[in-house]
file target33.cif (mmCIF, C-alpha atoms and all ligand atoms)
data_work
loop_
_atom_site.label_atom_id
_atom_site.label_comp_id
_atom_site.auth_asym_id
_atom_site.auth_seq_id
_atom_site.Cartn_x
_atom_site.Cartn_y
_atom_site.Cartn_z
CA MET U 1 -13.21 25.40 0.60
CA ASN U 2 -14.39 22.97 -2.05
CA ILE U 3 -13.58 19.32 -1.37
CA ALA U 4 -13.56 16.20 -3.52
CA ALA U 5 -13.97 13.04 -1.40
CA LEU U 6 -12.82 9.69 -2.75
CA ILE U 7 -15.40 7.09 -1.78
CA SER U 8 -14.97 3.34 -2.16
CA GLY U 9 -18.19 1.82 -0.84
CA GLY U 10 -16.37 0.77 2.34
CA VAL U 11 -17.04 2.01 5.85
CA ASP U 12 -13.94 4.20 6.20
CA SER U 13 -14.55 6.56 3.33
CA ALA U 14 -18.27 6.77 4.23
CA VAL U 15 -17.32 7.92 7.74
CA ALA U 16 -14.81 10.37 6.23
CA VAL U 17 -17.72 11.88 4.26
CA HIS U 18 -19.93 11.87 7.36
CA LEU U 19 -17.27 13.74 9.39
CA LEU U 20 -16.78 16.33 6.65
CA CYS U 21 -20.55 16.96 6.49
CA GLU U 22 -20.65 17.29 10.30
CA GLN U 23 -18.01 20.00 9.97
CA GLY U 24 -20.29 21.83 7.57
CA TYR U 25 -18.61 20.89 4.25
CA LYS U 26 -20.48 19.60 1.21
CA PRO U 27 -17.91 17.51 -0.62
CA ASP U 28 -18.43 16.16 -4.12
CA LEU U 29 -17.97 12.38 -4.07
CA PHE U 30 -15.97 10.38 -6.60
CA TYR U 31 -15.84 6.64 -7.10
CA ILE U 32 -12.89 5.51 -9.22
CA LYS U 33 -13.37 2.49 -11.47
CA ILE U 34 -10.19 0.49 -11.83
CA GLY U 35 -11.36 -3.14 -12.19
CA MET U 36 -12.01 -4.97 -15.45
CA ASP U 37 -15.52 -5.07 -16.86
CA THR U 38 -14.74 -8.48 -18.33
CA ASP U 39 -13.96 -10.03 -14.98
CA ASN U 40 -17.17 -11.16 -13.24
CA GLU U 41 -15.83 -11.34 -9.73
CA LEU U 42 -14.42 -7.83 -9.98
CA SER U 43 -17.37 -6.16 -11.64
CA CYS U 44 -19.63 -7.64 -8.91
CA THR U 45 -17.66 -5.94 -6.15
CA ALA U 46 -17.60 -2.73 -8.19
CA GLU U 47 -21.41 -2.81 -8.55
CA GLU U 48 -21.83 -3.32 -4.82
CA ASP U 49 -19.29 -0.56 -4.12
CA ILE U 50 -21.10 1.86 -6.40
CA GLU U 51 -24.47 1.03 -4.84
CA LEU U 52 -23.17 1.76 -1.35
CA ALA U 53 -21.37 4.91 -2.49
CA THR U 54 -24.60 6.06 -4.16
CA ALA U 55 -26.59 5.39 -0.98
CA THR U 56 -24.08 7.43 1.05
CA ALA U 57 -24.25 10.31 -1.45
CA ARG U 58 -28.05 10.30 -1.36
CA ARG U 59 -28.10 10.17 2.41
CA TYR U 60 -26.12 13.45 2.63
CA GLY U 61 -27.55 15.07 -0.51
CA LEU U 62 -24.15 15.04 -2.25
CA GLN U 63 -23.12 14.62 -5.88
CA LEU U 64 -21.44 11.34 -6.83
CA GLU U 65 -19.46 10.95 -10.00
CA ILE U 66 -17.89 7.74 -11.31
CA ILE U 67 -14.50 8.27 -12.87
CA ASP U 68 -13.25 5.52 -15.15
CA LEU U 69 -9.49 5.04 -14.76
CA GLN U 70 -9.35 1.42 -15.86
CA LYS U 71 -7.09 2.05 -18.83
CA GLU U 72 -4.75 4.24 -16.83
CA TYR U 73 -4.62 1.61 -14.09
CA TRP U 74 -3.71 -1.10 -16.57
CA ASP U 75 -1.17 1.00 -18.42
CA GLN U 76 0.55 2.19 -15.28
CA VAL U 77 -0.05 0.02 -12.21
CA VAL U 78 -0.54 -3.38 -13.84
CA ALA U 79 2.36 -2.81 -16.24
CA TYR U 80 4.62 -1.86 -13.31
CA THR U 81 3.49 -4.93 -11.34
CA ILE U 82 4.15 -7.41 -14.15
CA GLU U 83 7.51 -5.87 -14.97
CA LYS U 84 8.69 -6.13 -11.35
CA VAL U 85 7.50 -9.71 -10.97
CA ARG U 86 9.12 -10.71 -14.27
CA ASN U 87 12.43 -9.44 -12.96
CA GLY U 88 12.16 -11.31 -9.67
CA PHE U 89 11.11 -8.38 -7.48
CA THR U 90 8.13 -8.09 -5.15
CA PRO U 91 5.95 -5.21 -6.37
CA ASN U 92 3.66 -3.00 -4.34
CA PRO U 93 0.71 -2.08 -6.57
CA ASP U 94 -1.11 -0.34 -3.70
CA VAL U 95 1.67 2.23 -3.32
CA MET U 96 1.70 2.86 -7.07
CA CYS U 97 -2.10 3.05 -7.26
CA ASN U 98 -2.08 5.90 -4.74
CA LYS U 99 0.74 7.78 -6.41
CA LEU U 100 -0.31 7.33 -10.04
CA ILE U 101 -4.07 6.76 -10.03
CA LYS U 102 -5.89 8.05 -6.95
CA PHE U 103 -3.76 11.16 -6.61
CA GLY U 104 -2.27 11.22 -10.12
CA CYS U 105 -4.74 10.59 -12.94
CA PHE U 106 -7.68 11.53 -10.74
CA GLU U 107 -6.13 14.97 -10.21
CA GLN U 108 -5.89 15.52 -13.97
CA LYS U 109 -9.44 14.33 -14.65
CA ALA U 110 -11.35 15.97 -11.79
CA GLY U 111 -9.28 16.74 -8.71
CA TYR U 112 -7.69 19.88 -10.19
CA ALA U 113 -10.97 21.76 -9.74
CA TYR U 114 -10.92 21.29 -5.93
CA ASP U 115 -9.01 22.86 -3.06
CA LYS U 116 -8.70 19.58 -1.17
CA ILE U 117 -9.01 15.84 -1.81
CA ALA U 118 -10.32 13.79 1.14
CA THR U 119 -9.96 10.03 1.61
CA GLY U 120 -10.71 7.43 4.27
CA HIS U 121 -7.05 6.51 4.73
CA TYR U 122 -5.75 6.13 8.26
CA ALA U 123 -3.13 8.86 8.03
CA SER U 124 -2.81 12.53 8.85
CA THR U 125 -0.92 15.62 7.83
CA CYS U 126 0.79 18.28 9.92
CA GLU U 127 2.34 21.69 9.38
CA LEU U 128 5.99 22.04 10.31
CA ASN U 129 8.44 24.79 9.36
CA GLY U 130 5.83 26.24 7.01
CA LYS U 131 5.37 23.00 5.07
CA THR U 132 2.86 20.14 5.07
CA TRP U 133 4.13 16.69 6.11
CA LEU U 134 2.54 13.27 5.99
CA ALA U 135 2.03 12.00 9.54
CA THR U 136 0.88 8.71 11.01
CA ALA U 137 -2.63 7.99 12.25
CA LYS U 138 -3.68 7.80 15.88
CA ASP U 139 -4.49 4.12 15.32
CA ALA U 140 -0.97 2.71 14.83
CA ILE U 141 -2.31 -0.70 13.82
CA LYS U 142 -4.53 0.69 11.06
CA ASP U 143 -1.98 3.29 9.95
CA GLN U 144 -1.75 3.38 6.12
CA THR U 145 1.00 5.95 5.61
CA ASP U 146 3.24 3.22 4.15
CA PHE U 147 0.84 3.03 1.19
CA LEU U 148 1.18 6.79 0.74
CA ALA U 149 4.95 7.00 1.00
CA GLN U 150 5.55 7.68 -2.72
CA ILE U 151 3.24 10.69 -3.05
CA ASN U 152 4.81 14.08 -3.73
CA TYR U 153 4.62 17.46 -2.04
CA LEU U 154 1.78 18.83 -4.19
CA GLN U 155 -0.26 15.74 -3.45
CA VAL U 156 0.32 15.71 0.31
CA SER U 157 -0.42 19.41 0.65
CA LYS U 158 -3.82 18.91 -0.98
CA LEU U 159 -4.91 15.86 1.00
CA LEU U 160 -7.36 15.67 3.89
CA PHE U 161 -7.56 12.58 6.08
CA PRO U 162 -10.63 12.99 8.32
CA LEU U 163 -10.00 9.60 10.04
CA GLY U 164 -6.44 10.38 11.15
CA GLY U 165 -7.39 11.18 14.74
CA TYR U 166 -9.63 8.15 15.35
CA MET U 167 -9.24 4.50 16.29
CA LYS U 168 -10.84 1.98 13.93
CA LYS U 169 -13.35 0.95 16.59
CA GLU U 170 -14.45 4.57 16.98
CA ILE U 171 -15.03 4.70 13.20
CA ARG U 172 -17.17 1.56 13.32
CA HIS U 173 -19.09 3.11 16.21
CA ILE U 174 -19.65 6.40 14.33
CA ALA U 175 -20.82 4.44 11.27
CA ALA U 176 -23.32 2.44 13.33
CA GLN U 177 -24.61 5.51 15.22
CA ALA U 178 -25.06 7.43 11.98
CA LYS U 179 -26.65 4.32 10.37
CA LEU U 180 -24.41 4.63 7.33
CA PRO U 181 -25.31 2.30 4.46
CA SER U 182 -21.88 0.62 4.65
CA ALA U 183 -21.74 0.44 8.48
CA GLN U 184 -21.75 -3.36 8.58
CA ARG U 185 -19.44 -3.90 5.63
CA LYS U 186 -16.30 -5.98 6.15
CA ASP U 187 -12.92 -4.28 5.74
CA SER U 188 -11.32 -4.68 2.32
CA GLN U 189 -8.02 -6.52 2.05
CA GLY U 190 -6.01 -4.37 -0.30
CA ILE U 191 -6.43 -0.85 -1.54
CA CYS U 192 -6.43 -1.74 -5.18
CA PHE U 193 -8.24 -4.42 -7.06
CA LEU U 194 -5.19 -6.68 -7.32
CA GLY U 195 -5.85 -7.43 -3.66
CA LYS U 196 -9.34 -8.67 -4.50
CA ILE U 197 -8.41 -11.31 -7.06
CA ASN U 198 -6.28 -14.41 -6.88
CA TYR U 199 -2.83 -12.97 -7.33
CA ASN U 200 -1.28 -16.18 -8.70
CA ASP U 201 -4.01 -16.54 -11.35
CA PHE U 202 -3.41 -12.96 -12.35
CA ILE U 203 0.36 -13.45 -12.65
CA ARG U 204 -0.13 -16.73 -14.54
CA ARG U 205 -2.20 -14.92 -17.17
CA PHE U 206 0.79 -12.74 -18.01
CA LEU U 207 3.83 -14.87 -17.30
CA GLY U 208 2.57 -18.46 -17.67
CA GLU U 209 4.28 -21.33 -15.89
CA ARG U 210 7.81 -22.76 -16.11
CA GLN U 211 9.00 -25.52 -13.84
CA GLY U 212 12.19 -24.97 -11.87
CA SER U 213 14.12 -26.33 -8.89
CA ILE U 214 13.67 -25.56 -5.24
CA ILE U 215 17.09 -25.87 -3.62
CA GLU U 216 17.98 -25.89 0.06
CA LEU U 217 20.42 -23.05 0.47
CA GLU U 218 22.65 -24.64 3.08
CA SER U 219 23.04 -28.09 1.46
CA GLY U 220 22.62 -27.18 -2.23
CA LYS U 221 20.24 -30.14 -2.57
CA GLU U 222 17.14 -30.02 -4.78
CA ILE U 223 14.20 -30.69 -2.49
CA GLY U 224 11.27 -29.92 -4.78
CA LYS U 225 9.92 -28.17 -7.87
CA HIS U 226 8.09 -24.89 -8.43
CA ARG U 227 6.09 -23.53 -11.39
CA GLY U 228 7.97 -20.29 -11.92
CA PHE U 229 9.99 -18.07 -9.59
CA TRP U 230 7.48 -15.26 -10.30
CA PHE U 231 4.89 -16.95 -8.06
CA HIS U 232 7.18 -16.63 -5.04
CA THR U 233 8.49 -13.88 -2.87
CA ILE U 234 11.39 -13.58 -0.43
CA GLY U 235 10.22 -14.42 3.08
CA GLN U 236 7.35 -16.60 1.80
CA ARG U 237 6.55 -19.58 4.00
CA LYS U 238 3.22 -20.91 2.72
CA GLY U 239 2.37 -22.44 -0.63
CA LEU U 240 5.72 -24.08 -1.40
CA GLY U 241 4.30 -27.61 -1.27
CA LEU U 242 7.33 -28.99 0.62
CA SER U 243 7.13 -31.44 3.47
CA GLY U 244 9.08 -31.25 6.74
CA GLY U 245 8.67 -27.47 7.04
CA PRO U 246 8.69 -24.71 7.87
CA TRP U 247 10.62 -23.59 4.79
CA PHE U 248 11.24 -20.00 3.81
CA VAL U 249 12.14 -18.57 0.41
CA VAL U 250 15.46 -16.82 1.02
CA ASP U 251 16.79 -16.13 -2.47
CA LYS U 252 15.92 -16.40 -6.18
CA ASP U 253 18.07 -17.04 -9.23
CA THR U 254 15.87 -15.49 -11.91
CA GLU U 255 18.21 -16.36 -14.77
CA ASN U 256 18.07 -20.08 -13.98
CA ASN U 257 14.57 -20.11 -12.48
CA ILE U 258 15.77 -21.44 -9.11
CA LEU U 259 14.24 -20.80 -5.69
CA TYR U 260 16.49 -21.11 -2.66
CA VAL U 261 14.80 -22.05 0.57
CA SER U 262 15.99 -22.39 4.11
CA HIS U 263 14.68 -24.55 6.87
CA GLY U 264 13.46 -23.51 10.32
CA TYR U 265 12.60 -20.32 12.09
CA ASP U 266 16.03 -19.62 13.47
CA THR U 267 18.12 -19.90 10.30
CA GLU U 268 20.39 -16.90 9.95
CA GLN U 269 19.83 -16.82 6.18
CA GLN U 270 16.27 -15.55 6.37
CA TYR U 271 17.01 -12.70 8.73
CA SER U 272 18.85 -9.56 8.03
CA ASN U 273 19.50 -6.30 9.79
CA GLU U 274 21.03 -4.35 6.94
CA PHE U 275 19.57 -3.38 3.60
CA LYS U 276 19.53 -0.58 1.02
CA LEU U 277 16.79 1.58 -0.47
CA THR U 278 17.36 2.98 -3.95
CA ASP U 279 15.89 6.15 -5.54
CA PHE U 280 14.94 7.46 -2.14
CA HIS U 281 11.92 9.74 -2.40
CA PHE U 282 11.25 12.47 0.18
CA ILE U 283 7.55 13.33 0.37
CA THR U 284 8.05 16.88 1.63
CA ASP U 285 11.74 17.48 2.23
CA ASN U 286 14.93 15.98 3.57
CA PRO U 287 14.55 16.80 7.28
CA TRP U 288 18.19 15.98 8.03
CA LEU U 289 20.69 18.69 7.38
CA THR U 290 23.73 16.43 7.66
CA GLU U 291 24.78 13.11 6.17
CA LYS U 292 25.26 11.82 9.71
CA GLU U 293 23.59 8.63 10.83
CA GLN U 294 19.98 9.19 11.97
CA GLN U 295 17.78 7.27 14.33
CA VAL U 296 14.56 6.32 12.51
CA CYS U 297 11.56 4.03 12.51
CA PHE U 298 10.76 2.08 9.36
CA LYS U 299 8.60 -0.56 7.70
CA VAL U 300 9.61 -3.08 5.05
CA ARG U 301 6.04 -4.16 4.31
CA HIS U 302 2.55 -3.37 5.59
CA THR U 303 2.81 -4.42 9.23
CA ASP U 304 1.02 -3.43 12.42
CA GLY U 305 4.04 -1.83 14.00
CA PHE U 306 7.29 -0.05 13.20
CA HIS U 307 10.89 -1.27 13.36
CA GLN U 308 13.64 0.87 14.80
CA GLY U 309 17.04 1.42 13.33
CA ASN U 310 19.61 3.80 11.94
CA LEU U 311 19.81 5.39 8.53
CA ILE U 312 22.69 6.73 6.49
CA LEU U 313 21.83 8.56 3.29
CA LYS U 314 24.48 8.95 0.59
CA ASN U 315 24.03 9.81 -3.10
CA GLY U 316 20.31 8.98 -3.09
CA ILE U 317 20.92 5.54 -1.57
CA CYS U 318 19.63 4.97 1.89
CA HIS U 319 21.36 2.37 4.07
CA ILE U 320 19.32 1.01 6.97
CA ARG U 321 20.68 -0.83 9.96
CA SER U 322 17.91 -2.34 12.00
CA SER U 323 18.13 -2.75 15.79
CA GLU U 324 16.66 -6.24 15.48
CA LYS U 325 16.92 -8.88 12.78
CA ILE U 326 14.02 -8.80 10.32
CA GLN U 327 12.60 -11.70 8.38
CA GLY U 328 11.73 -11.55 4.69
CA ILE U 329 13.17 -8.29 3.39
CA ALA U 330 11.94 -8.52 -0.21
CA PRO U 331 13.70 -6.57 -2.97
CA GLY U 332 11.14 -4.48 -4.90
CA GLN U 333 9.01 -3.68 -1.86
CA PHE U 334 9.16 -0.15 -0.54
CA GLY U 335 11.07 0.54 2.64
CA VAL U 336 9.23 3.39 4.34
CA ILE U 337 11.09 5.75 6.66
CA TYR U 338 9.58 7.59 9.66
CA ASP U 339 11.16 9.88 12.23
CA LYS U 340 12.35 8.26 15.45
CA ASP U 341 8.94 8.73 17.10
CA ALA U 342 7.08 7.12 14.16
CA TYR U 343 5.15 10.37 13.74
CA LEU U 344 6.31 11.88 10.44
CA CYS U 345 6.36 9.65 7.36
CA ILE U 346 9.40 11.01 5.59
CA GLY U 347 9.57 9.00 2.41
CA SER U 348 10.43 5.69 0.83
CA GLY U 349 12.73 3.86 -1.53
CA GLU U 350 12.81 0.49 -3.19
CA ILE U 351 14.46 -2.31 -1.25
CA ARG U 352 17.61 -3.72 -2.86
CA LYS U 353 19.88 -6.40 -1.54
N1 LIG U 401 -12.53 2.69 -6.01
C1 LIG U 401 -12.28 3.78 -5.26
N2 LIG U 401 -12.77 4.98 -5.67
C2 LIG U 401 -12.54 6.10 -4.96
N3 LIG U 401 -11.83 6.10 -3.82
C3 LIG U 401 -11.33 4.94 -3.37
C4 LIG U 401 -11.53 3.71 -4.06
N4 LIG U 401 -10.90 2.74 -3.37
C5 LIG U 401 -10.35 3.32 -2.28
N5 LIG U 401 -10.59 4.65 -2.28
C6 LIG U 401 -10.15 5.67 -1.29
O1 LIG U 401 -8.93 5.25 -0.70
C7 LIG U 401 -9.11 5.06 0.71
C8 LIG U 401 -8.27 3.91 1.20
O2 LIG U 401 -8.58 2.75 0.48
P1 LIG U 401 -8.64 1.29 1.14
O3 LIG U 401 -9.02 0.31 0.11
O4 LIG U 401 -7.46 1.10 1.99
O5 LIG U 401 -9.87 1.49 1.99
P2 LIG U 401 -10.31 1.11 3.41
O6 LIG U 401 -9.37 1.59 4.47
O7 LIG U 401 -10.78 -0.28 3.41
O8 LIG U 401 -11.46 2.18 3.30
P3 LIG U 401 -12.93 1.96 2.85
O9 LIG U 401 -13.52 1.33 4.08
O10 LIG U 401 -13.40 3.35 2.58
O11 LIG U 401 -12.92 1.07 1.64
C9 LIG U 401 -10.61 4.87 0.89
O12 LIG U 401 -11.03 5.20 2.18
C10 LIG U 401 -11.16 5.81 -0.17
O13 LIG U 401 -11.17 7.16 0.27
#

call {"tool": "encode", "arguments": {"input": "target33.cif", "output": "structure tokens"}}
result
Amino acid sequence: MNIAALISGGVDSAVAVHLLCEQGYKPDLFYIKIGMDTDNELSCTAEEDIELATATARRYGLQLEIIDLQKEYWDQVVAYTIEKVRNGFTPNPDVMCNKLIKFGCFEQKAGYAYDKIATGHYASTCELNGKTWLATAKDAIKDQTDFLAQINYLQVSKLLFPLGGYMKKEIRHIAAQAKLPSAQRKDSQGICFLGKINYNDFIRRFLGERQGSIIELESGKEIGKHRGFWFHTIGQRKGLGLSGGPWFVVDKDTENNILYVSHGYDTEQQYSNEFKLTDFHFITDNPWLTEKEQQVCFKVRHTDGFHQGNLILKNGICHIRSSEKIQGIAPGQFGVIYDKDAYLCIGSGEIRK
């Protein structure tokens, strides 16, 4: 079996490579360039990443190739991000980066020549009814299946996740024992480079600033000003510059550039237990043979745990009723659906009000 391993310079993908080599494989390593050469801060991290990836390759006598997908990343992931933000939604570039870049463009440029693509994601796959399914990782806190919930069947059936059966602390331990070049490296914040730069600066570059009102939802009173609704997301608590908090963003009027906020932790307005997902995407298949209500687990953003609730799927729209009230359900984010045991990651759709 010939394997391509995606390596980032971080500890997780280095351990993934180490585990593959221990099993007797000799994967070819690929580092994907997605940052901007013109941006100093970004090209510095890329240089460091490439150095560590090179050291790992040398250590195991493996080939390392650098694949430049900067243009593709800008054309697809950055364009998607800006478009969502412009329309008042909260984008998820990490989900799109996996679907379109790491497992999309990479496949066309190099991945097609391999039987399997391995990554250091905390996720796993399993075989059920003759098909491959995306499944959660042993380490529920590190689980990254929510970032993979838009991939398709061809992608999931080609993926290998060597870390799926380990806890993060075991991975750190393996890295230290094996004296991997990246053993002491800190964990990265986001999968894609948008997580490494100041998000507001990035958005400002594209959408500029435009002052608007911050209005208290309950009283209708203006209580402050903001510099553009596009800098704010539903559920946001920090960075509003208002006194007498806590305040939460609960709604946006994008036409009139107004942010609605609500005061206090216990305000009904910022909690919800019902929402919709549009364009629902099944990774492998629809596991439910009826349109009857199903008990599921789900996530509405990257969190440590799973929520529980019920799902009704009709005409491609998925209605979720949560068992508990959830704060900050942001339209544009992906709602990710799991089976009731939070084992299989079934798919995802975009949150709509
Ligand atoms: N620039 C990149 N080039 C190639 N593969 C990458 C790159 N960035 C991330 N990956 C792959 O995607 C996986 C998940 O990315 P993420 O940024 O979440 O990493 P992580 O969990 O911090 O892992 P790592 O410690 O390997 O960076 C990585 O383990 C790696 O296999």

call {"tool": "residues_near_ligand", "arguments": {"input": "target33.cif", "ligand": "ligand LIG 401 (chain U)", "cutoff": "6 Å", "atoms": "all atoms listed in the file", "output": "VMD selection string"}}
result
chain U and resid 6 to 13 30 to 33 119 to 121 187 to 188 190 to 191

call {"tool": "residues_around", "arguments": {"input": "target33.cif", "residues": "U:Ala175", "least_positions_apart": "2", "cutoff": "10 Å", "atoms": "only C-alpha atoms", "output": "JSON, numbers by chain"}}
result
{"U": [11, 12, 14, 15, 16, 18, 169, 170, 171, 172, 173, 177, 178, 179, 180, 181, 182, 183, 184]}

call {"tool": "axis_aligned_box", "arguments": {"input": "target33.cif", "around": "stretch 336-349 of chain U", "padding_each_side": "8 Å", "output": "JSON"}}
result
{"center_x": 8.9, "center_y": 7.6, "center_z": 7.8, "size_x": 23.6, "size_y": 24.5, "size_z": 34.6}

call {"tool": "closest_residue", "arguments": {"input": "target33.cif", "among": "U:Thr278, U:Thr233, U:Gln333, U:Gln155", "to": "U:Val95", "atoms": "all atoms listed in the file"}}
result
U:Gln333

call {"tool": "residues_around", "arguments": {"input": "target33.cif", "residues": "U:Gln63", "least_positions_apart": "2", "cutoff": "8 Å", "atoms": "only C-alpha atoms", "output": "PyMOL selection string"}}
result
chain U and resi 27-29+57-58+61+65

call {"tool": "residues_around", "arguments": {"input": "target33.cif", "residues": "U:Tyr166", "least_positions_apart": "4", "cutoff": "9 Å", "atoms": "all atoms listed in the file", "output": "NGL selection string"}}
result
:U and (122 or 137-139 or 162 or 170-171)

call {"tool": "residues_near_point", "arguments": {"input": "target33.cif", "point": "(14.2, 10.7, 4.5)", "cutoff": "12 Å", "atoms": "all atoms listed in the file", "output": "PyMOL selection string"}}
result
chain U and resi 133+149-150+277-291+293-298+310-314+316-320+335-340+344-349

call {"tool": "residues_around", "arguments": {"input": "target33.cif", "residues": "stretch 322-328 of chain U", "least_positions_apart": "6", "cutoff": "6 Å", "atoms": "only C-alpha atoms", "output": "PDB file with C-alpha atoms, in the coordinates of the input"}}
result
ATOM      1  CA  ILE U 234      11.390 -13.580  -0.430  1.00  0.00           C
ATOM      2  CA  GLY U 235      10.220 -14.420   3.080  1.00  0.00           C
ATOM      3  CA  GLN U 270      16.270 -15.550   6.370  1.00  0.00           C
ATOM      4  CA  TYR U 271      17.010 -12.700   8.730  1.00  0.00           C
ATOM      5  CA  SER U 272      18.850  -9.560   8.030  1.00  0.00           C
ATOM      6  CA  ASN U 273      19.500  -6.300   9.790  1.00  0.00           C
ATOM      7  CA  GLN U 308      13.640   0.870  14.800  1.00  0.00           C
ATOM      8  CA  GLY U 309      17.040   1.420  13.330  1.00  0.00           C
TER       9      GLY U 309
END

call {"tool": "decode", "arguments": {"input": "target33.cif", "residues": "stretch 210-222 of chain U", "atoms": "N, CA and C atoms", "output": "short mmCIF file (atom, residue, chain, number, x, y, z; two decimals), in the first residue's frame"}}
result
data_model
loop_
_atom_site.label_atom_id
_atom_site.label_comp_id
_atom_site.auth_asym_id
_atom_site.auth_seq_id
_atom_site.Cartn_x
_atom_site.Cartn_y
_atom_site.Cartn_z
N ARG U 210 -17.16 50.39 8.74
CA ARG U 210 -18.32 51.29 8.61
C ARG U 210 -19.04 51.29 9.95
N GLN U 211 -19.11 52.50 10.53
CA GLN U 211 -19.69 52.59 11.87
C GLN U 211 -21.19 52.30 11.87
N GLY U 212 -21.65 51.62 12.89
CA GLY U 212 -23.08 51.34 13.02
C GLY U 212 -23.47 51.27 14.49
N SER U 213 -24.76 51.11 14.74
CA SER U 213 -25.27 51.12 16.11
C SER U 213 -25.25 49.75 16.76
N ILE U 214 -25.01 49.79 18.07
CA ILE U 214 -25.22 48.59 18.88
C ILE U 214 -26.49 48.86 19.69
N ILE U 215 -27.48 48.02 19.52
CA ILE U 215 -28.78 48.26 20.16
C ILE U 215 -29.11 47.13 21.12
N GLU U 216 -29.60 47.50 22.29
CA GLU U 216 -30.04 46.48 23.25
C GLU U 216 -31.36 45.92 22.76
N LEU U 217 -31.39 44.63 22.58
CA LEU U 217 -32.56 43.99 21.96
C LEU U 217 -33.85 44.25 22.73
N GLU U 218 -33.79 44.10 24.03
CA GLU U 218 -35.02 44.19 24.83
C GLU U 218 -35.58 45.61 24.87
N SER U 219 -34.69 46.63 24.98
CA SER U 219 -35.17 48.00 25.17
C SER U 219 -35.20 48.79 23.88
N GLY U 220 -34.47 48.32 22.84
CA GLY U 220 -34.40 49.06 21.58
C GLY U 220 -33.51 50.30 21.67
N LYS U 221 -32.80 50.44 22.79
CA LYS U 221 -31.94 51.62 22.99
C LYS U 221 -30.56 51.42 22.38
N GLU U 222 -30.01 52.50 21.78
CA GLU U 222 -28.63 52.42 21.28
C GLU U 222 -27.70 52.54 22.48
#
